[in-house]
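Q: Just dropping this structure here.
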Amino acid sequence: MKILIIEDEEGLRESIEEYFTEAGNICETASTYRNAMVKINLYRYDCILLDITLPGGNGIDILKNLKENNYADGVLIISAKNSLDDRLDGLNLGADDYLVKPFHLSELKARVSAIIRRKTFGGSNLLIFNEITIDLLAKEVKVDKTPVKLTRKEYALLLYFIANKGKVVSKNAIAEHLWGDGIDMANNFDFIYSHIKNIRKKLVEAGCNDYIQAAYGMGYKFTGQ
Amino acid sequence: MKLLTKYNRVNLITTVIVMLITGFIYYQAISWILTNQKDKDLKVEEQEAFDYVNLNHHLPQTFDSNDQQITFSEAKPGSVKREFINTTYFKKWDKDDEHRRHHHRHPGNGKYEAGRGLISSVTVGDKYYKILIVESIVETEDLIRLIFTITIAVILFLLLVLYITNRLILSRLWQPFYTLMKELRLFSVADARGISKLETTIDEFKELNNAVVEMTAKARHDYKDLKTFTENASHELLTPIAVINSKLDTLIQTENFNDRQSKLLNDLYSAVSRLNRLNQSLLLLVKIENRLLHEQQQINLRELVEDMIIQFEEIFQDKDLKLTYTLDEKEIYASRYLAEILVSNLISNAIRHNHNGGEVIITLTEKQMIIQNTGDNLTLPDEIFTRFHKSSGSEGSGLGLTISRQICQNFGFSLDYRFQPPFHTFTINFNVT
C-alpha cells in the first residue's frame with residue numbers, strides 16, 4: 001500500500017516512515033504545506049497521514065482540496081489538538097479518522113490498516129490472515145472453518161496484532177488501546193498477559209499456529225508470514 | 001459597626017452637646033437681658049423716689065402697684081450700699097385670685113414670688129433712709145422657662161429628624177457601595193462576567209467603581225494570560241512527547257534486548273505515558289475552566305457507569321477488588337466527554353487508592369452518585385481537591401479530583417468527600433440547591 005506522511009516534525013515523521021516501511025508498502029513524506037499540496041495533486045495514496053499545523057498552511061485546507069477534487073484517498077488526521085470541535089470539523093470534511101498526539105506507532109498502524117481495509121476491500125468485510133478469517137461486520141473469528149469465540153477485548157487485541165504483524169507492540173500500547181486512559185491505576189500489566197494467554201489458547205485449540213510471541217518482557221510480537 | 005450606626009452615633013452625640021451648650025448660652029443671655037430690663041425699671045423707680053423727696057422733702061407713701069413694692073426704713077447714715085439683689089416678692093392676692101387661696105399652701109393673704117430688688121438710700125432732712133424696691137420677676141422666669149422648654153423640644157425634634165433622614169438618605173446614598181460589594185463578592189477571575197459600571201452621581205463611588213472595574217479587568221486579563229500560557233506550554237509539550245513515544249516504539253523494533261535494557265525501556269515507557277497523561281490533564285483542566293466543551297446531550301448515567309465497569313473489569317480482577325453496585329435509572333443533560341472522564345476518574349481513584357482484596361461500592365440514585373472504596377484507614381484532608389495534591393506513592397497525575405470537581409461545577413453538581421470507616425466516600429449531588 002502507498003502512504004503519504006504529512007508531518008512537519010522531523011523526529012515523528014522519520015519514526016512513522018520507518019514503522020510503516022515494510023515489504024509491499026511505499027511511504028512518501030511531506031514536511032510543508034506546499035510540498036504536500038504538490039504531492040496530493042500528482043499522486044494517489046491509499047492513506048494520507050495529515051498533520052493539521054504545518055509550516056505555510058493548514059492541514060484542513062489540504063483535506064478540503066482532496067475532497068474538492070474527489071480524490072478517494074483515505075485521510076487520517078494526526079493533531080496535537082484534542083478538541084471535539086476540531087475532530088468533528090475534520091471528520092465532517094471527510095477525514096476517515098482522527099488521532100491525537102502523542103500516540104503509539106502501533107495504534108497509528110492499526111488505525112491506518114482499518115482505513116485501508118475499508119477503502120480497498122469495498123463490500124468485503126472479511127479480513128484473512130493465513131488460516132485466520134475475521135468477519136469485521138459480525139465480529140466473528142474463524143480458524144479455517146472452526147469458529148473461535150473471543151471476548152470483545154480479545155477480538156480487538158487480535159485485530160491490533162494483525163495490523164501490527166511483525167512488529168513488537170509494547171504492553172503500554174496494548175493497554176492504552178484496550179483500556180484507554182484509565183489504565184494507569186493498574187499495579188502492572190499482568191492482566192494483559194492473561195488476556196494474551198487466553199487468545200493463544202483459543203486460537204491454538206482451533207488449530208491455528210501460535211503466532212504471538214513475548215518480546216523481551218516489553219511486549220508482544222505477532223509473527224507469521 | 002456599620003458606617004451608618006457610627007455616623008449616627010457621632011452625629012447625634014455632637015448635636016446633643018451643641019444644643020445643650022447653645023441652650024445654656026441662650027438661657028444665660030435671655031436672663032441677662034431680662035434682668036437688665038428689670039434693673040432699669042428699678043432705677044426709674046428709685047429716681048422717682050429721689051425726685052419726690054427732692055420736691056416734697058418727705059418720703060413718698062409706700063404703694064403696691066404693677067407688681068412692685070417700695071419700702072423705706074430708717075438706717076444708720078452711710079450703712080447702706082447701693083446694690084441689686086435677688087430676693088422674694090410678697091404678692092397679695094387680688095380679688096380675682098380669691099379662689100386660688102384655698103389651693104395655696106402659703107397661709108395669709110398672699111404668696112411669695114421670685115423678685116428682683118434694688119437697695120438704695122435717701123436722706124430726708126437729717127434722717128437717713130434705706131430704700132428697698134422689689135419687683136416680681138415671675139413673668140420673666142415664666143418666659144425663660146418657656147424658652148427653655150421650646151429649646152429642649154427643638155433639640156428632641158431635631159434629633160428625631162436627623163435620625164430619620166440619616167437613615168433614609170444614607171442608606172440610599174450608600175446603595176452604590178452595597179451594590180458594588182455584592183458584585184465583588186460574586187466576582188471570580190474565571191468568570192466571563194466582569195463588574196458592571198455603576199450608575200451614580202457621587203464622585204467617590206464613581207472613583208471606587210472605576211478602580212474596581214480596572215482591577216477586576218486586570219485580574220481577569222492576568223488569569224487569562226496564565227491560562228493561555230498553560231495551554232500553550234502543554235501544547236508545545238505534546239510534540240516532543242509524541243517524538244519520544246514514537247522513537248521508543250521504533251527502538252523496541254530493533255532486536256535483542258537483555259533483561260536490563262528491557263527493564264529500562266519499560267520504565268521509560270511508563271514515565272512517558274505518565275508525562276503524557278499529566279499534560280493531557282492540564283489541557284483538559286484549562287478547557288473545562290474555559291467552558292470550551294459545549295456540546296451537550298442526554299446521557300443515561302446508568303449505562304455509562306455500566307460501560308465503565310466493564311471497561312475496568314480486568315483491573316478490578318487484577319487487584320482482587322470486590323465490586324458491588326446498585327444503579328438506578330438516571331439521565332443527565334451534559335457533555336458526554338466530560339461525564340465519561342468524571343465517572344472514569346472517580347472509579348479509577350477508587351481502584352488506585354485501594355488495597356489488594358479491598359472493596360468498591362458504587363451507588364447511583366435519582367439524587368446522587370456515591371463511590372465508596374476501602375483504603376488507608378485515615379481521613380483525607382480537604383486538599384485532595386487541589387491541584388497536584390497526591391498521596392505518597394500515588395502514580396496519578398494529582399489532577400484527577402481537581403478535574404472531577406471542576407466537571408461537577410461545570411455541570412452544576414457538587415462533589416464531596418467523607419470518610420466513613422472503612423470507606424472513603426465520594427458523593428456527587430445532582431441537585432445542588
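Starting from 1 in every chain, residues are counted up; chains themselves are A, B, ... following the order of the C-alpha cells, and ligands are numbered from 1 as listed.
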Could you pull the residues within 9 Å of Ile116 (chain A), counting only C-alpha atoms, minus those fewer than 4 positions along the same chain, as a ChimeraX atom specification?
A: /A:1,46-47,74,111-112,120-121
Q: With a cut-off of 7 Å and counting only C-alpha atoms, select all residues of chain A in contact with chain B and give the selection as a ChimeraX atom specification.
A: /A:11-12,15,19,80,101-105,167-168,179,182,185-186,191,216-218
Q: Export N, CA and C atoms of the chosen residues as a compact mmCIF listing (two decimals), in the first residue's frame?
A:
```txt
# COMPACT_ATOMS: atom_id res chain seq x y z
N GLY A 11 11.43 14.30 13.72
CA GLY A 11 11.57 13.08 14.51
C GLY A 11 10.37 12.17 14.35
N LEU A 12 9.20 12.76 14.43
CA LEU A 12 7.97 11.99 14.33
C LEU A 12 7.80 11.41 12.92
N SER A 15 10.11 8.44 12.35
CA SER A 15 9.67 7.24 13.07
C SER A 15 8.49 6.58 12.36
N TYR A 19 8.43 2.91 10.63
CA TYR A 19 7.49 1.89 11.13
C TYR A 19 6.62 1.35 10.00
N ALA A 80 -2.30 17.71 17.37
CA ALA A 80 -1.98 17.90 18.78
C ALA A 80 -3.21 18.42 19.51
N LYS A 101 -2.06 13.42 19.11
CA LYS A 101 -0.67 13.26 19.55
C LYS A 101 -0.62 13.35 21.07
N PRO A 102 0.24 12.67 21.75
CA PRO A 102 1.13 11.64 21.20
C PRO A 102 0.39 10.29 21.11
N PHE A 103 0.88 9.45 20.22
CA PHE A 103 0.24 8.15 20.05
C PHE A 103 1.32 7.09 19.89
N HIS A 104 0.91 5.85 20.08
CA HIS A 104 1.84 4.75 19.81
C HIS A 104 1.79 4.44 18.32
N LEU A 105 2.95 4.12 17.76
CA LEU A 105 3.00 3.83 16.33
C LEU A 105 2.11 2.65 15.99
N LYS A 167 5.73 -6.66 14.17
CA LYS A 167 6.26 -5.58 14.99
C LYS A 167 6.15 -5.95 16.46
N VAL A 168 7.09 -5.43 17.25
CA VAL A 168 6.95 -5.58 18.69
C VAL A 168 5.99 -4.49 19.17
N TRP A 179 -7.82 -0.27 27.07
CA TRP A 179 -8.46 0.33 28.26
C TRP A 179 -8.46 1.85 28.26
N GLY A 182 -7.67 5.00 31.35
CA GLY A 182 -7.90 4.50 32.71
C GLY A 182 -6.87 3.49 33.16
N MET A 185 -3.88 3.03 36.63
CA MET A 185 -4.00 2.65 38.04
C MET A 185 -3.74 1.17 38.28
N ALA A 186 -3.45 0.46 37.22
CA ALA A 186 -3.19 -0.97 37.41
C ALA A 186 -1.81 -1.16 38.04
N PHE A 191 -2.38 -8.48 33.79
CA PHE A 191 -3.67 -8.90 33.23
C PHE A 191 -3.65 -8.92 31.71
N TYR A 216 11.00 -9.88 24.94
CA TYR A 216 11.90 -9.32 25.98
C TYR A 216 11.16 -8.73 27.18
N GLY A 217 10.02 -9.21 27.52
CA GLY A 217 9.31 -8.67 28.68
C GLY A 217 8.74 -7.28 28.46
N MET A 218 8.89 -6.76 27.22
CA MET A 218 8.40 -5.41 26.97
C MET A 218 7.07 -5.43 26.27
```
Q: Going by DSSP on the backbone, which residues of region 27-115 of chain A come out as strand (DSSP E or B)? List them as an NGL selection string.
A: :A and (27-30 or 47-51 or 53-54 or 57-58 or 74-79 or 97-100)
Q: Could you give me, as a PDB file with C-alpha atoms, in the first residue's frame, the residues within 9 Å of Ile162 (chain A), counting only C-alpha atoms and dropping anything in the same chain fewer than 3 positions from it?
A:
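Output file result.pdb is given in full below:
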```
ATOM      1  CA  ALA A 110      -3.957  -0.206  13.431  1.00  0.00           C
ATOM      2  CA  PHE A 129      -4.620 -13.785   7.606  1.00  0.00           C
ATOM      3  CA  LEU A 157      -6.457  -7.335  20.545  1.00  0.00           C
ATOM      4  CA  LEU A 158      -6.317  -9.850  17.697  1.00  0.00           C
ATOM      5  CA  LEU A 159      -7.123  -7.137  15.136  1.00  0.00           C
ATOM      6  CA  LYS A 165       2.197  -8.097  12.424  1.00  0.00           C
ATOM      7  CA  GLY A 166       5.944  -8.476  12.552  1.00  0.00           C
ATOM      8  CA  PHE A 222       2.622 -11.229  16.107  1.00  0.00           C
ATOM      9  CA  THR A 223       4.813 -13.170  13.730  1.00  0.00           C
TER      10      THR A 223
END
```
Q: If you run DSSP on this backbone, which residues of region 25-234 of chain B come out as helix (DSSP H, G or I), and could you give them as a PyMOL selection string?
A: chain B and resi 25-56+98-102+138-173+175-186+203-234
Q: What's the separation between CA of Thr5 (chain B) and CA of Leu162 (chain B), in Å to one decimal place?
A: 12.6 Å
Q: Out of B:Leu327, B:Ile403, B:Leu4, B:Leu156, which residue has the shortest atom-to-atom distance to Ile362 (chain B) when counting only C-alpha atoms?
A: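 Comparing B:Leu327, B:Ile403, B:Leu4, B:Leu156 against Ile362 (chain B), the winner is B:Leu327.
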Q: Extract, using only C-alpha atoms, all DNA, RNA and protein residues at most 12 Å from Thr365 (chain B), discarding same-chain residues fewer than 3 positions from it, and format them as a VMD selection string.
A: chain B and resid 301 to 302 325 to 332 362 368 to 371 427 to 431
Q: Which neighbours of Val100 (chain A) fall inside 8 Å, counting only C-alpha atoms, when residues of the same chain fewer than 6 positions from it are skipped, and could you give them as a list in words?
A: Ile78, Ser79, Ala80, Lys81 and Asn82 of chain A
Q: Using CA of Tyr89 (chain B) and CA of Ile70 (chain B) as the two end points, give the distance in Å to one decimal.
A: 10.8 Å
